[in-house]
$ cat start04.txt   # compact mmCIF, C-alpha atoms
# COMPACT_ATOMS: atom_id res chain seq x y z
CA MET D 179 -158.54 158.12 22.89
CA VAL D 180 -159.16 154.43 23.63
CA GLN D 181 -162.64 153.52 22.45
CA ARG D 182 -164.89 151.87 25.01
CA GLN D 183 -166.92 148.82 24.13
CA ALA D 184 -170.43 150.25 24.33
CA VAL D 185 -173.83 148.77 23.60
CA MET D 186 -177.04 150.75 23.12
CA VAL D 187 -180.17 148.77 24.01
CA VAL D 188 -183.25 150.35 22.43
CA ASP D 189 -186.77 150.05 23.89
CA MET D 190 -186.54 146.60 25.46
CA GLN D 191 -189.39 147.50 27.80
CA LEU D 192 -192.40 145.72 29.26
CA GLY D 193 -194.84 148.09 27.53
CA VAL D 194 -193.18 147.60 24.15
CA PHE D 195 -193.42 143.83 24.57
CA ALA D 196 -197.14 144.01 25.35
CA THR D 197 -197.24 143.43 21.58
CA GLU D 198 -195.73 140.06 20.70
CA ARG D 199 -192.24 140.30 19.22
CA VAL D 200 -190.47 137.56 17.29
CA ALA D 201 -187.79 135.49 19.07
CA ARG D 202 -187.96 137.48 22.33
CA ASP D 203 -186.01 134.91 24.37
CA LEU D 204 -183.20 134.49 21.84
CA CYS D 205 -182.96 138.25 21.30
CA CYS D 206 -182.72 138.83 25.07
CA GLN D 207 -180.05 136.13 25.43
CA ARG D 208 -177.92 137.78 22.76
CA ILE D 209 -178.44 141.26 24.20
CA ASN D 210 -177.35 139.93 27.59
CA GLN D 211 -174.17 138.59 25.99
CA LEU D 212 -173.44 142.09 24.70
CA ILE D 213 -174.33 143.72 28.01
CA ASP D 214 -172.07 141.32 29.92
CA ALA D 215 -169.11 142.01 27.59
CA ALA D 216 -169.60 145.77 27.22
CA GLU D 217 -167.69 148.39 29.16
CA GLN D 218 -170.67 150.75 28.91
CA VAL D 219 -174.37 150.00 28.49
CA ILE D 220 -176.89 152.62 27.40
CA PHE D 221 -180.58 151.82 27.83
CA ILE D 222 -182.89 153.86 25.63
CA GLN D 223 -186.44 153.87 27.00
CA HIS D 224 -189.48 155.11 25.13
CA ALA D 225 -192.14 157.16 26.94
CA GLU D 226 -195.65 157.64 25.59
CA ALA D 227 -199.28 157.16 26.68
CA ASP D 228 -199.32 154.61 29.53
CA MET D 229 -195.58 153.94 29.22
CA GLN D 230 -194.16 156.69 31.44
CA PRO D 231 -191.20 156.75 33.82
CA GLY D 232 -192.24 155.17 37.11
CA THR D 233 -194.76 152.82 35.52
CA GLU D 234 -194.29 149.08 35.12
CA ALA D 235 -194.74 149.41 31.34
CA PHE D 236 -191.71 151.74 31.17
CA GLU D 237 -189.39 149.26 32.91
CA VAL D 238 -186.69 147.30 31.04
CA LEU D 239 -187.56 143.62 30.56
CA PRO D 240 -186.69 141.75 33.75
CA GLU D 241 -184.69 139.08 31.90
CA LEU D 242 -182.15 141.68 30.72
CA HIS D 243 -179.06 142.32 32.81
CA GLN D 244 -178.96 145.90 34.06
CA PRO D 245 -175.55 147.00 35.31
CA ALA D 246 -175.63 149.73 37.95
CA SER D 247 -173.30 151.80 35.74
CA ALA D 248 -175.69 151.76 32.77
CA LEU D 249 -176.67 155.10 31.29
CA ARG D 250 -180.40 155.66 30.72
CA VAL D 251 -182.00 158.00 28.23
CA THR D 252 -185.74 158.57 27.89
CA LYS D 253 -187.11 159.40 24.46
CA THR D 254 -190.51 160.30 23.03
CA ALA D 255 -189.82 159.73 19.32
CA CYS D 256 -188.45 156.83 17.30
CA ASP D 257 -185.11 158.63 16.96
CA ALA D 258 -183.26 158.30 20.29
CA PHE D 259 -181.37 161.55 19.59
CA TRP D 260 -184.48 163.71 19.01
CA HIS D 261 -184.91 166.12 21.94
CA THR D 262 -182.99 163.85 24.33
CA SER D 263 -179.77 163.97 26.29
CA LEU D 264 -178.26 161.06 24.31
CA ALA D 265 -175.59 163.06 22.43
CA GLN D 266 -174.51 164.77 25.66
CA GLU D 267 -174.40 161.44 27.53
CA LEU D 268 -172.26 159.89 24.79
CA GLU D 269 -169.92 162.88 24.74
CA SER D 270 -169.55 162.90 28.53
CA ALA D 271 -168.71 159.19 28.49
CA GLY D 272 -166.27 159.61 25.57
CA ILE D 273 -168.30 157.28 23.35
CA THR D 274 -168.10 157.80 19.58
CA GLU D 275 -168.89 154.26 18.49
CA PHE D 276 -171.33 151.68 19.77
CA VAL D 277 -173.30 148.54 19.01
CA VAL D 278 -177.07 148.91 18.61
CA CYS D 279 -179.63 146.24 19.48
CA GLY D 280 -183.23 146.17 20.70
CA CYS D 281 -186.76 146.82 19.50
CA ALA D 282 -188.47 147.63 17.17
CA THR D 283 -186.28 146.92 14.17
CA ASP D 284 -188.44 148.88 11.74
CA PHE D 285 -189.11 151.89 13.94
CA CYS D 286 -186.90 153.01 16.83
CA VAL D 287 -183.86 150.84 16.07
CA ASP D 288 -183.86 151.92 12.42
CA ALA D 289 -184.37 155.64 13.15
CA THR D 290 -181.64 155.66 15.81
CA ILE D 291 -179.10 153.83 13.62
CA LYS D 292 -179.61 156.16 10.67
CA ARG D 293 -179.46 159.31 12.80
CA ALA D 294 -176.37 158.12 14.67
CA ALA D 295 -174.51 157.33 11.44
CA GLY D 296 -175.51 160.70 9.98
CA LEU D 297 -174.20 162.44 13.10
CA GLY D 298 -170.83 160.72 12.64
CA TYR D 299 -171.03 157.98 15.27
CA ARG D 300 -169.50 154.66 14.21
CA VAL D 301 -172.41 152.25 14.44
CA THR D 302 -172.37 148.48 14.47
CA VAL D 303 -175.74 146.74 14.33
CA ALA D 304 -176.06 143.44 16.17
CA GLU D 305 -177.86 141.76 13.26
CA ASP D 306 -179.25 138.93 15.40
CA ALA D 307 -180.13 140.97 18.50
CA HIS D 308 -183.01 143.16 17.36
CA THR D 309 -186.65 142.26 17.02
CA THR D 310 -190.03 143.52 15.92
CA ALA D 311 -193.64 142.43 15.49
CA ASN D 312 -195.42 141.10 12.45
CA ARG D 313 -196.83 144.02 10.44
CA PRO D 314 -199.66 144.14 7.88
CA ALA D 315 -197.18 144.47 4.98
CA ALA D 316 -194.57 141.92 6.12
CA ASN D 317 -193.82 139.44 8.87
CA ALA D 318 -191.18 140.19 11.49
CA GLU D 319 -188.54 137.85 10.05
CA VAL D 320 -188.75 139.57 6.66
CA LEU D 321 -188.56 143.02 8.28
CA ILE D 322 -185.48 142.04 10.30
CA ALA D 323 -183.68 140.60 7.25
CA HIS D 324 -184.71 143.59 5.13
CA HIS D 325 -183.41 146.14 7.65
CA ASN D 326 -180.12 144.29 8.10
CA ASP D 327 -179.68 144.56 4.32
CA VAL D 328 -180.70 148.24 4.27
CA TRP D 329 -178.21 149.08 7.03
CA ARG D 330 -175.42 147.17 5.27
CA ASN D 331 -176.00 149.35 2.23
CA PHE D 332 -176.83 152.63 3.98
CA THR D 333 -174.61 155.31 2.45
CA VAL D 334 -172.75 157.64 4.78
CA PRO D 335 -169.45 158.38 3.01
CA GLY D 336 -166.52 157.50 5.24
CA ASN D 337 -168.77 156.10 7.98
CA PRO D 338 -170.40 152.84 6.89
CA VAL D 339 -172.82 151.12 9.24
CA LEU D 340 -171.45 147.69 10.12
CA VAL D 341 -173.92 144.81 10.49
CA GLN D 342 -172.56 141.77 12.31
CA PRO D 343 -173.78 138.84 14.39
CA VAL D 344 -173.31 139.05 18.15
CA ALA D 345 -170.70 136.26 18.06
CA SER D 346 -168.49 138.32 15.71
CA ILE D 347 -168.87 141.46 17.83
CA LEU D 348 -167.94 139.57 20.97
CA ALA D 349 -164.91 138.00 19.24
CA GLN D 350 -163.71 141.44 18.14
CA TRP D 351 -164.17 142.83 21.64
CA ALA D 352 -162.27 139.88 23.14
CA GLY D 353 -159.35 140.60 20.79
CA ALA D 354 -159.36 144.36 21.44
$ encode --input "start04.txt" --output "structure tokens"
Amino acid sequence: MVQRQAVMVVDMQLGVFATERVARDLCCQRINQLIDAAEQVIFIQHAEADMQPGTEAFEVLPELHQPASALRVTKTACDAFWHTSLAQELESAGITEFVVCGCATDFCVDATIKRAAGLGYRVTVAEDAHTTANRPAANAEVLIAHHNDVWRNFTVPGNPVLVQPVASILAQWAGA
């Protein structure tokens, strides 16, 4: 099977960004580069409290490109696979590997990456296209760098998580 160039965009929603996130503009620019180069885009959207489907808070950030062919999965937990249709959507689309980007690095992005790798999906993290907020224990930049290092060293025998800058991902896709 020929693998499609797929990107999974996690929780880049108006309600999520009601809390300030580091480098929003740069993160969105890089995510748009991935979206524009991808054959398949999957938007993961978190629903809770006032952030429900049909509300403005639930909507994807307006600065992100949203292809008509994009798949959309609604989740209620940090892990995008937990009680969602994500695995079925990926199977139906023939997707077994994908690039992950989005928000929040230390919550939903992290949980989704680890679950996906454990389920056998080949995951590449766009190391410079995920963001988070400053937290009481560490600022956002430290959390982003820390998680990139954790993912690089995350042990799933035979299925390592790759962590690469967007420019490298795009270069690989262009050569595919």
$ residues_around --input "start04.txt" --residues "Arg250 in chain D" --least-positions-apart "2" --cutoff "8 Å" --atoms "all atoms listed in the file" --output "ChimeraX atom specification"
/D:220-223,248,252
$ write_last_selection --input "start04.txt" --atoms "C-alpha atoms" --output "CSV table (one decimal), keeping the file's coordinate frame"
chain,number,residue,atom,x,y,z
D,220,ILE,CA,-176.9,152.6,27.4
D,221,PHE,CA,-180.6,151.8,27.8
D,222,ILE,CA,-182.9,153.9,25.6
D,223,GLN,CA,-186.4,153.9,27.0
D,248,ALA,CA,-175.7,151.8,32.8
D,252,THR,CA,-185.7,158.6,27.9
$ residues_around --input "start04.txt" --residues "Arg300 in chain D" --least-positions-apart "6" --cutoff "9 Å" --atoms "all atoms listed in the file" --output "number ranges by chain"
D: 274-277, 294, 337-340
$ atom_distance --input "start04.txt" --atom1 "CA of Asp284 in chain D" --atom2 "CA of Pro314 in chain D"
12.8 Å
$ closest_residue --input "start04.txt" --among "D:Asp257, D:Asp327, D:Asp228, D:Glu241" --to "Ala289 in chain D" --atoms "all atoms listed in the file"
D:Asp257
$ atom_distance --input "start04.txt" --atom1 "CA of Ala295 in chain D" --atom2 "CA of Glu269 in chain D"
15.1 Å
$ closest_residue --input "start04.txt" --among "D:His308, D:His325, D:His243, D:Arg202" --to "Val344 in chain D" --atoms "only C-alpha atoms"
D:His308
$ residues_around --input "start04.txt" --residues "Phe236 in chain D" --least-positions-apart "4" --cutoff "8 Å" --atoms "all atoms listed in the file" --output "list in words"
Gln191, Leu192, Gly193, Gln223, His224, Ala225, Met229, Gln230, Pro231 and Gly232 of chain D
$ atom_distance --input "start04.txt" --atom1 "CA of Lys292 in chain D" --atom2 "CA of Ile273 in chain D"
17.0 Å
$ closest_residue --input "start04.txt" --among "D:Thr233, D:Asn210, D:Thr283, D:Ser346" --to "Arg313 in chain D" --atoms "only C-alpha atoms"
D:Thr283
$ residues_around --input "start04.txt" --residues "Gln183 in chain D" --least-positions-apart "5" --cutoff "7 Å" --atoms "only C-alpha atoms" --output "list in words"
Ala216, Glu217, Gln218 and Phe276 of chain D
$ closest_residue --input "start04.txt" --among "D:Val334, D:Ala271, D:Ala323, D:Val219" --to "Ile291 in chain D" --atoms "only C-alpha atoms"
D:Val334
$ axis_aligned_box --input "start04.txt" --around "range 192-195 of chain D" --padding-each-side "6 Å" --output "AutoDock Vina command-line options"
--center_x -193.6 --center_y 146.0 --center_z 26.7 --size_x 14.4 --size_y 16.3 --size_z 17.1
$ closest_residue --input "start04.txt" --among "D:Arg208, D:Gln342, D:Glu237, D:Val188" --to "Val287 in chain D" --atoms "only C-alpha atoms"
D:Val188
$ closest_residue --input "start04.txt" --among "D:Trp260, D:Ala307, D:Val320, D:Thr290" --to "Pro343 in chain D" --atoms "all atoms listed in the file"
D:Ala307
$ build_atoms --input "start04.txt" --residues "range 250-273 of chain D" --atoms "N, CA, C and O atoms" --output "short mmCIF file (atom, residue, chain, number, x, y, z; two decimals), in the frame of the given file"
data_model
loop_
_atom_site.label_atom_id
_atom_site.label_comp_id
_atom_site.auth_asym_id
_atom_site.auth_seq_id
_atom_site.Cartn_x
_atom_site.Cartn_y
_atom_site.Cartn_z
N ARG D 250 -179.00 155.79 31.13
CA ARG D 250 -180.40 155.66 30.72
C ARG D 250 -180.85 156.97 30.09
O ARG D 250 -180.60 158.03 30.65
N VAL D 251 -181.48 156.84 28.94
CA VAL D 251 -182.00 158.00 28.23
C VAL D 251 -183.46 157.72 27.90
O VAL D 251 -183.79 156.67 27.35
N THR D 252 -184.32 158.67 28.22
CA THR D 252 -185.74 158.57 27.89
C THR D 252 -186.00 159.35 26.62
O THR D 252 -185.51 160.47 26.46
N LYS D 253 -186.77 158.75 25.72
CA LYS D 253 -187.11 159.40 24.46
C LYS D 253 -188.62 159.38 24.26
O LYS D 253 -189.32 158.59 24.87
N THR D 254 -189.08 160.25 23.35
CA THR D 254 -190.51 160.30 23.03
C THR D 254 -190.77 160.12 21.53
O THR D 254 -191.91 160.16 21.10
N ALA D 255 -189.71 159.93 20.77
CA ALA D 255 -189.82 159.73 19.32
C ALA D 255 -189.04 158.47 18.95
O ALA D 255 -188.28 157.94 19.76
N CYS D 256 -189.21 158.01 17.73
CA CYS D 256 -188.45 156.83 17.30
C CYS D 256 -186.95 157.07 17.36
O CYS D 256 -186.19 156.19 17.76
N ASP D 257 -186.52 158.24 16.98
CA ASP D 257 -185.11 158.63 16.96
C ASP D 257 -184.65 158.93 18.39
O ASP D 257 -185.12 159.88 19.01
N ALA D 258 -183.72 158.14 18.91
CA ALA D 258 -183.26 158.30 20.29
C ALA D 258 -182.48 159.59 20.53
O ALA D 258 -182.24 159.97 21.67
N PHE D 259 -182.09 160.28 19.45
CA PHE D 259 -181.37 161.55 19.59
C PHE D 259 -182.32 162.76 19.63
O PHE D 259 -181.94 163.83 20.06
N TRP D 260 -183.55 162.59 19.16
CA TRP D 260 -184.48 163.71 19.01
C TRP D 260 -184.94 164.22 20.38
O TRP D 260 -185.64 163.52 21.11
N HIS D 261 -184.52 165.44 20.69
CA HIS D 261 -184.91 166.12 21.94
C HIS D 261 -184.59 165.29 23.18
O HIS D 261 -185.40 165.25 24.12
N THR D 262 -183.42 164.62 23.17
CA THR D 262 -182.99 163.85 24.33
C THR D 262 -181.58 164.28 24.74
O THR D 262 -180.93 165.05 24.03
N SER D 263 -181.12 163.71 25.81
CA SER D 263 -179.77 163.97 26.29
C SER D 263 -178.75 162.97 25.74
O SER D 263 -177.60 162.97 26.18
N LEU D 264 -179.13 162.14 24.77
CA LEU D 264 -178.26 161.06 24.31
C LEU D 264 -176.90 161.57 23.82
O LEU D 264 -175.86 161.05 24.24
N ALA D 265 -176.88 162.56 22.95
CA ALA D 265 -175.59 163.06 22.43
C ALA D 265 -174.71 163.56 23.57
O ALA D 265 -173.50 163.28 23.58
N GLN D 266 -175.28 164.26 24.53
CA GLN D 266 -174.51 164.77 25.66
C GLN D 266 -173.99 163.63 26.53
O GLN D 266 -172.85 163.66 27.00
N GLU D 267 -174.82 162.62 26.75
CA GLU D 267 -174.40 161.44 27.53
C GLU D 267 -173.23 160.73 26.86
O GLU D 267 -172.26 160.34 27.51
N LEU D 268 -173.33 160.56 25.53
CA LEU D 268 -172.26 159.89 24.79
C LEU D 268 -170.97 160.71 24.86
O LEU D 268 -169.89 160.17 25.09
N GLU D 269 -171.10 162.02 24.69
CA GLU D 269 -169.92 162.88 24.74
C GLU D 269 -169.28 162.85 26.13
O GLU D 269 -168.05 162.71 26.25
N SER D 270 -170.08 162.93 27.17
CA SER D 270 -169.55 162.90 28.53
C SER D 270 -168.82 161.60 28.84
O SER D 270 -167.83 161.58 29.56
N ALA D 271 -169.32 160.50 28.26
CA ALA D 271 -168.71 159.19 28.49
C ALA D 271 -167.58 158.90 27.50
O ALA D 271 -166.94 157.85 27.58
N GLY D 272 -167.33 159.82 26.55
CA GLY D 272 -166.27 159.61 25.57
C GLY D 272 -166.59 158.53 24.55
O GLY D 272 -165.69 157.89 24.01
N ILE D 273 -167.87 158.34 24.26
CA ILE D 273 -168.30 157.28 23.35
C ILE D 273 -168.59 157.86 21.97
O ILE D 273 -169.45 158.73 21.84
#
